[in-house]
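Okay, query_0.cif is below, mmCIF, C-alpha atoms:
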data_target
loop_
_atom_site.label_atom_id
_atom_site.label_comp_id
_atom_site.auth_asym_id
_atom_site.auth_seq_id
_atom_site.Cartn_x
_atom_site.Cartn_y
_atom_site.Cartn_z
CA MET D 3 143.24 113.77 77.39
CA THR D 4 145.86 115.03 74.95
CA ARG D 5 145.90 118.43 73.30
CA LEU D 6 144.50 118.43 69.76
CA GLN D 7 146.39 120.66 67.37
CA ILE D 8 145.79 120.79 63.64
CA GLU D 9 147.57 123.34 61.49
CA LYS D 10 145.46 125.46 59.20
CA THR D 11 145.53 124.98 55.44
CA LYS D 12 144.03 127.15 52.67
CA SER D 13 140.67 125.45 53.14
CA SER D 14 140.67 124.05 56.66
CA PRO D 15 140.90 125.91 59.95
CA GLU D 16 143.46 125.79 62.74
CA ILE D 17 142.31 123.62 65.61
CA ASP D 18 143.85 123.99 69.05
CA PHE D 19 141.97 122.21 71.82
CA ASN D 20 143.81 122.44 75.10
CA PRO D 21 142.61 120.25 77.99
CA GLN D 22 145.03 121.99 80.43
CA THR D 23 143.79 125.57 79.94
CA HIS D 24 140.27 124.53 78.86
CA THR D 25 140.43 127.23 76.20
CA HIS D 26 139.87 125.90 72.71
CA LEU D 27 140.22 127.48 69.30
CA ILE D 28 138.85 127.00 65.79
CA ALA D 29 140.21 129.70 63.48
CA GLY D 30 140.58 130.41 59.79
CA GLU D 31 138.67 129.25 56.74
CA SER D 32 136.60 126.10 56.48
CA TYR D 33 135.74 124.52 53.15
CA PRO D 34 137.71 121.27 53.31
CA GLU D 35 137.74 118.74 50.50
CA ASN D 36 136.08 116.18 52.75
CA THR D 37 134.24 117.78 55.65
CA THR D 38 133.57 114.51 57.47
CA LEU D 39 137.17 113.36 57.21
CA PHE D 40 138.45 116.66 58.57
CA TYR D 41 135.95 117.10 61.38
CA ASP D 42 135.50 113.52 62.64
CA PRO D 43 138.59 113.66 64.90
CA VAL D 44 137.50 117.11 66.08
CA LEU D 45 134.02 115.90 67.05
CA ASP D 46 135.47 112.76 68.66
CA TRP D 47 137.82 114.88 70.75
CA ILE D 48 135.02 117.13 71.97
CA ASN D 49 132.90 114.10 72.81
CA SER D 50 135.59 112.50 74.99
CA TYR D 51 136.50 115.87 76.52
CA LEU D 52 132.91 116.59 77.55
CA ALA D 53 132.59 113.06 78.93
CA GLU D 54 135.44 113.84 81.34
CA GLY D 55 133.16 116.45 82.91
CA HIS D 56 135.54 119.30 83.77
CA GLU D 57 133.89 121.39 86.46
CA GLY D 58 135.48 124.80 85.82
CA GLU D 59 135.09 127.31 83.02
CA ILE D 60 135.39 126.04 79.43
CA THR D 61 135.84 128.42 76.52
CA PHE D 62 135.54 127.77 72.81
CA ASN D 63 136.82 130.62 70.64
CA ILE D 64 135.46 130.38 67.12
CA GLU D 65 137.24 132.80 64.84
CA LEU D 66 136.27 131.90 61.30
CA ILE D 67 136.65 134.11 58.25
CA TYR D 68 134.63 131.87 55.98
CA PHE D 69 132.88 128.49 56.20
CA ASN D 70 130.93 126.60 53.56
CA SER D 71 127.50 125.06 53.98
CA SER D 72 128.74 121.60 55.00
CA SER D 73 131.04 123.11 57.65
CA SER D 74 128.05 125.07 58.92
CA LYS D 75 126.32 121.78 59.65
CA ILE D 76 129.35 120.58 61.62
CA LEU D 77 129.48 123.81 63.63
CA LEU D 78 125.85 123.27 64.55
CA ASP D 79 126.69 119.71 65.64
CA ILE D 80 129.48 121.08 67.84
CA PHE D 81 127.22 123.71 69.43
CA ASP D 82 124.49 121.09 69.97
CA MET D 83 126.99 118.81 71.72
CA LEU D 84 128.09 121.66 73.99
CA ASP D 85 124.53 122.82 74.67
CA GLU D 86 123.33 119.32 75.52
CA THR D 87 125.66 119.28 78.54
CA LYS D 88 123.41 122.04 80.01
CA ASN D 89 126.60 123.36 81.60
CA ASP D 90 126.46 127.15 81.83
CA LYS D 91 130.19 127.26 82.58
CA ILE D 92 130.77 126.52 78.92
CA SER D 93 131.02 129.60 76.78
CA VAL D 94 131.42 130.02 73.04
CA ASN D 95 132.96 133.23 71.77
CA TRP D 96 131.95 133.82 68.18
CA ILE D 97 134.66 136.22 67.07
CA HIS D 98 134.31 138.23 63.87
CA ASP D 99 135.82 141.30 62.23
CA GLU D 100 133.98 144.48 63.08
CA ASP D 101 132.97 145.13 59.48
CA ASP D 102 132.02 141.54 58.72
CA GLU D 103 128.24 141.68 59.02
CA ALA D 104 127.71 138.32 57.36
CA MET D 105 129.78 136.55 60.01
CA GLU D 106 127.93 138.43 62.74
CA GLU D 107 124.60 137.25 61.30
CA TYR D 108 125.82 133.65 61.14
CA GLY D 109 126.71 133.94 64.81
CA GLU D 110 123.24 135.25 65.63
CA GLU D 111 121.66 132.34 63.78
CA PHE D 112 123.60 129.84 65.87
CA GLU D 113 122.84 131.78 69.04
CA GLU D 114 119.08 131.50 68.39
CA ASP D 115 119.23 127.73 68.89
CA ILE D 116 121.34 127.72 72.04
CA LYS D 117 119.51 127.25 75.32
CA HIS D 118 121.96 126.47 78.11
CA ILE D 119 125.53 127.49 77.43
CA GLN D 120 126.79 131.06 77.02
CA PHE D 121 127.13 132.24 73.44
CA ASN D 122 128.88 135.57 72.98
CA ILE D 123 129.21 137.42 69.72
CA VAL D 124 132.44 139.35 69.90
CA THR D 125 134.04 141.83 67.52
CA LYS D 126 137.82 142.07 67.33
CA MET P 22 143.71 125.23 14.08
CA LEU P 23 142.89 126.28 17.61
CA ASN P 24 145.75 128.77 17.83
CA GLN P 25 144.07 130.89 15.20
CA SER P 26 140.68 130.95 16.85
CA LEU P 27 141.85 131.30 20.45
CA TYR P 28 141.84 135.08 20.35
CA SER P 29 138.28 135.22 19.10
CA TYR P 30 137.36 132.79 21.87
CA LYS P 31 139.00 135.02 24.48
CA ASP P 32 137.42 138.09 22.91
CA ALA P 33 133.97 136.47 23.08
CA LEU P 34 134.49 135.67 26.77
CA ASP P 35 135.66 139.25 27.45
CA LYS P 36 132.58 140.66 25.74
CA GLU P 37 130.38 138.51 27.99
CA GLY P 38 132.17 139.97 31.02
CA ILE P 39 133.65 136.61 31.95
CA ILE P 40 136.44 136.89 34.51
CA PHE P 41 137.11 133.20 34.83
CA THR P 42 135.89 130.00 33.26
CA PHE P 43 136.91 126.42 33.68
CA CYS P 44 135.70 123.37 31.82
CA GLY P 45 136.91 119.90 32.67
CA PRO P 46 137.77 117.81 35.71
CA ILE P 47 137.28 119.92 38.83
CA SER P 48 139.33 119.01 41.88
CA HIS P 49 139.76 120.50 45.34
CA ASP P 50 143.01 122.15 44.17
CA ILE P 51 140.94 124.17 41.69
CA VAL P 52 138.54 125.16 44.48
CA GLU P 53 141.39 126.48 46.63
CA GLY P 54 143.54 127.97 43.88
CA VAL P 55 140.83 129.68 41.90
CA GLY P 56 138.91 130.70 45.01
CA ILE P 57 141.94 132.54 46.36
CA THR P 58 142.76 134.08 42.96
CA LEU P 59 139.19 135.27 42.64
CA LYS P 60 139.31 136.90 46.07
CA SER P 61 142.60 138.67 45.32
CA GLN P 62 141.32 139.80 41.93
CA MET P 63 138.25 141.37 43.53
CA GLN P 64 140.34 142.98 46.28
CA GLU P 65 142.62 144.54 43.66
CA SER P 66 139.65 145.91 41.75
CA ASP P 67 138.30 147.45 44.97
CA VAL P 68 135.16 145.36 45.07
CA GLN P 69 133.29 145.81 48.35
CA ARG P 70 134.31 143.17 50.86
CA THR P 71 130.74 141.95 51.42
CA THR P 72 130.23 141.49 47.68
CA ALA P 73 133.59 139.74 47.29
CA MET P 74 132.78 137.33 50.12
CA LYS P 75 129.37 136.55 48.59
CA VAL P 76 130.94 135.85 45.19
CA PHE P 77 133.57 133.67 46.88
CA ALA P 78 130.96 131.78 48.95
CA ILE P 79 128.75 131.06 45.94
CA PHE P 80 131.79 130.05 43.88
CA ILE P 81 132.78 127.52 46.58
CA GLU P 82 129.29 126.00 46.74
CA GLN P 83 129.10 125.82 42.93
CA VAL P 84 132.46 124.07 42.46
CA GLN P 85 131.91 121.70 45.39
CA ASN P 86 128.52 120.78 43.88
CA VAL P 87 130.20 119.85 40.60
CA ILE P 88 132.88 117.83 42.42
CA ASN P 89 130.35 115.98 44.57
CA TYR P 90 127.43 115.50 42.22
CA SER P 91 128.58 115.50 38.61
CA GLN P 92 127.59 112.24 37.00
CA GLU P 93 130.58 112.55 34.71
CA ARG P 94 133.63 111.28 36.58
CA ASN P 95 136.46 108.79 36.14
CA ASP P 96 135.21 106.54 38.93
CA PHE P 97 132.13 106.51 41.08
CA ASP P 98 134.20 107.57 44.10
CA SER P 99 136.62 109.87 42.29
CA ASP P 100 137.59 113.10 44.03
CA MET P 101 136.98 115.00 40.80
CA GLY P 102 133.83 115.78 38.85
CA MET P 103 133.61 117.04 35.28
CA GLY P 104 131.78 120.27 34.80
CA ILE P 105 131.85 123.93 33.90
CA ILE P 106 132.20 126.96 36.13
CA VAL P 107 131.86 130.53 34.90
CA VAL P 108 132.36 133.69 36.95
CA GLY P 109 131.75 137.08 35.41
CA GLU P 110 130.68 140.63 35.92
CA ARG P 111 128.30 142.75 33.89
CA GLU P 112 127.27 146.30 34.76
CA GLY P 113 128.51 145.96 38.31
CA LYS P 114 126.71 142.68 38.92
CA TYR P 115 128.48 139.38 39.39
CA PHE P 116 127.27 136.06 38.04
CA ILE P 117 128.47 132.60 38.99
CA VAL P 118 127.30 129.71 36.85
CA GLY P 119 127.88 126.01 37.36
CA GLY P 120 127.00 123.12 35.09
CA ASN P 121 127.38 119.37 35.09
CA LYS P 122 125.86 116.16 33.77
CA MET P 123 123.37 114.35 35.95
CA GLN P 124 121.15 111.27 35.72
CA ASN P 125 117.70 111.82 34.21
CA SER P 126 116.18 109.85 37.06
CA LYS P 127 117.28 112.54 39.54
CA VAL P 128 116.09 115.54 37.54
CA ALA P 129 112.47 115.63 38.74
CA ILE P 130 113.33 115.78 42.44
CA LEU P 131 116.04 118.41 42.01
CA GLU P 132 113.78 120.48 39.77
CA SER P 133 111.00 120.46 42.35
CA ASN P 134 113.41 121.28 45.22
CA LEU P 135 114.81 124.22 43.27
CA ALA P 136 111.34 125.45 42.30
CA ASP P 137 110.49 125.55 46.03
CA LEU P 138 113.72 127.43 46.77
CA VAL P 139 113.31 130.18 44.19
CA ALA P 140 109.79 130.89 45.43
CA MET P 141 111.06 131.67 48.96
CA ASN P 142 111.81 135.12 50.35
CA LYS P 143 114.88 135.79 52.52
CA ASP P 144 113.11 134.97 55.81
CA GLU P 145 111.71 131.72 54.44
CA LEU P 146 115.16 130.82 53.11
CA LYS P 147 116.67 131.42 56.53
CA ALA P 148 114.06 129.24 58.25
CA PHE P 149 114.49 126.52 55.63
CA TYR P 150 118.29 126.68 55.98
CA LYS P 151 118.07 126.23 59.73
CA GLN P 152 115.58 123.39 59.38
CA LYS P 153 117.70 121.54 56.81
CA ARG P 154 120.83 122.06 58.87
CA HIS P 155 119.25 120.14 61.73
CA HIS P 156 118.16 117.11 59.71
CA ASN P 157 119.80 114.45 57.62
CA GLU P 158 116.72 113.73 55.51
CA ASN P 159 118.48 113.62 52.21
CA ASP P 160 121.13 110.91 52.51
CA GLU P 161 122.20 111.26 48.91
CA SER P 162 123.33 114.80 49.55
CA LYS P 163 126.60 115.32 51.41
CA GLY P 164 125.53 118.74 52.60
CA ALA P 165 121.78 118.12 53.01
CA GLY P 166 121.09 120.32 50.00
CA LEU P 167 122.33 123.21 52.11
CA GLY P 168 124.60 124.42 49.31
CA PHE P 169 121.72 125.56 47.10
CA ILE P 170 119.96 127.26 50.01
CA GLU P 171 123.20 129.03 50.93
CA MET P 172 123.54 130.20 47.31
CA ALA P 173 119.95 131.42 47.26
CA ARG P 174 120.50 133.34 50.50
CA LYS P 175 123.66 135.03 49.24
CA ALA P 176 122.32 135.89 45.79
CA SER P 177 120.58 139.20 45.22
CA GLU P 178 118.11 137.69 42.75
CA PRO P 179 116.39 134.27 42.70
CA LEU P 180 118.61 131.51 41.30
CA THR P 181 117.91 130.46 37.71
CA TYR P 182 118.48 126.94 36.45
CA SER P 183 117.90 124.64 33.52
CA PHE P 184 117.99 120.97 32.60
CA GLU P 185 118.89 120.01 29.05
CA LYS P 186 118.27 116.40 28.07
CA ILE P 187 121.37 114.88 26.46
CA ASP P 188 120.14 111.30 25.90
CA ASN P 189 118.04 108.64 27.63
CA GLU P 190 120.40 108.51 30.57
CA SER P 191 121.69 112.00 31.24
CA SER P 192 120.79 115.66 31.32
CA PHE P 193 122.94 118.75 31.60
CA PHE P 194 122.11 120.73 34.72
CA CYS P 195 122.99 124.40 34.93
CA ILE P 196 122.46 126.82 37.79
CA GLU P 197 123.16 130.55 37.91
CA ALA P 198 123.42 133.01 40.78
CA HIS P 199 123.61 136.82 40.57
CA ILE P 200 125.04 139.25 43.10
#
Could you spell out this file's structure in structure tokens?
Amino acid sequence: MTRLQIEKTKSSPEIDFNPQTHTHLIAGESYPENTTLFYDPVLDWINSYLAEGHEGEITFNIELIYFNSSSSKILLDIFDMLDETKNDKISVNWIHDEDDEAMEEYGEEFEEDIKHIQFNIVTK
Amino acid sequence: MLNQSLYSYKDALDKEGIIFTFCGPISHDIVEGVGITLKSQMQESDVQRTTAMKVFAIFIEQVQNVINYSQERNDFDSDMGMGIIVVGEREGKYFIVGGNKMQNSKVAILESNLADLVAMNKDELKAFYKQKRHHNENDESKGAGLGFIEMARKASEPLTYSFEKIDNESSFFCIEAHI
């Protein structure tokens, strides 16, 4: 498995998925021109990574400032993929600015649908 | 001569409280460029961060709707859609308006979907948003119609909209959100 690194742009987030440290990052703003085109390689990577079945801790840090409605659907797909593994060693840290209530609420809405993995809402 | 009437045009926009308006082919560059300008402009005028983010979020959904769904485009699969976007502020309230041409045959379904949306309260909108996010019922829509629900959730008043028949083929669709 190779590391997946995508630099952030004005409208797409930084992606840094590291199969050595098992700590993965999505950070920045997400309203890409073509959501599918941007996220397909990201979803494919996660799929293959989960298929490898790492047995230790896995962390996804999600540190978004803004995401549009079509990115929201992709985030849900990602969380569903993670949750379907039923692996409680996977944790998602939903990181938001202390005074960003909207982002906190978005995190809570995702959390409501998660059954198996750990989902932590974290202020920075 | 346009150069003689341009001031009165600008003056009319100013009187309406219009901060920004764009009419023509809308591309992703406009989304990024104007979105960022709009954010900086609101930051400089000390607009509350929550309000600024709501205006920005609705602006993004509006422009991406025009890009994705405007009937008026150079090619069927063009990355640009023709339309109008207006952002303004009146008495401390922001308005974001989007408009584009659409096929008459699609008006009835959109009109009924929007009528359902505007009748919902915040809790119903949240439940509907979560339900729609899980399903791919509406194949025609790239974002499962989530954009309108997102706008309705962010807006402080129900969305208003209109359809104006242009000819036997097309109508002009306009939707407005207030914050």
Original post:
With distances taken over all atoms listed in the file, which of D:Ile17, D:Ile116, D:Val44, D:Ile76 is nearest to chain P?
Top reply: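 Going through D:Ile17, D:Ile116, D:Val44, D:Ile76 one by one, the smallest distance to chain P is for D:Ile76.
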**OP:** Determine the residue membership of the PyMOL selection byres ((chain D) within 10 of (chain P)) for the file above and supply it as a VMD selection string.
**Re:** chain D and resid 11 to 13 33 to 38 67 to 76 78 to 79 82 101 to 104 111 to 112 115
Subject >> Sel. within 9 Å of pt (121.0, 110.2, 42.2), counting all atoms listed in the file, output as a ChimeraX atom specification >> reply: /P:90,92,123-128,161-162
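Between atom CA of Met83 of chain D and atom CA of His98 of chain D lies a distance of 22.2 Å.
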Subject >> Nearest-residue call for Ser133 of chain P, choices P:Ser177, P:Ser183, P:Ser66, P:Asn121, using all atoms listed in the file >> reply: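 Counting all atoms listed in the file, the residue closest to Ser133 of chain P is P:Ser183.
Nearest to Phe149 of chain P of all the residues P:Tyr182, P:Gly109, P:Ala173, P:Ile187 is P:Ala173, based on only C-alpha atoms.
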**OP:** For the structure provided, state which residues fall under the PyMOL selection byres ((chain D and resi 113) around 12), and present them as a PyMOL selection string.
**Re:** (chain D and resi 77-78+81-82+85+93-96+106-112+114-123) or (chain P and resi 151)
Just want the 6 Å neighbourhood of segment 114-120 of chain P, counted on all atoms listed in the file, with same-chain residues fewer than 5 positions away dropped. Output as a PDB file with C-alpha atoms, in the frame of the given file.
ATOM      1  CA  GLN P  83     129.100 125.820  42.930  1.00  0.00           C
ATOM      2  CA  GLY P 104     131.780 120.270  34.800  1.00  0.00           C
ATOM      3  CA  ILE P 105     131.850 123.930  33.900  1.00  0.00           C
ATOM      4  CA  ILE P 106     132.200 126.960  36.130  1.00  0.00           C
ATOM      5  CA  VAL P 107     131.860 130.530  34.900  1.00  0.00           C
ATOM      6  CA  VAL P 108     132.360 133.690  36.950  1.00  0.00           C
ATOM      7  CA  GLY P 109     131.750 137.080  35.410  1.00  0.00           C
ATOM      8  CA  PHE P 194     122.110 120.730  34.720  1.00  0.00           C
ATOM      9  CA  CYS P 195     122.990 124.400  34.930  1.00  0.00           C
ATOM     10  CA  ILE P 196     122.460 126.820  37.790  1.00  0.00           C
ATOM     11  CA  GLU P 197     123.160 130.550  37.910  1.00  0.00           C
ATOM     12  CA  ALA P 198     123.420 133.010  40.780  1.00  0.00           C
ATOM     13  CA  HIS P 199     123.610 136.820  40.570  1.00  0.00           C
ATOM     14  CA  ILE P 200     125.040 139.250  43.100  1.00  0.00           C
TER      15      ILE P 200
END
Original post:
Evaluating the PyMOL selection byres ((chain D and resi 29) around 6) on the displayed file yields which residues, as a list of chain:residue names?
Top reply: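 Listing what the PyMOL selection byres ((chain D and resi 29) around 6) selects in the shown file: D:Pro15, D:Glu16, D:Ile28, D:Gly30, D:Glu65, D:Leu66.
Atom pair atom CA of Lys10 of chain D / atom CA of Ile48 of chain D has a distance of 18.5 Å (rounded to one decimal).
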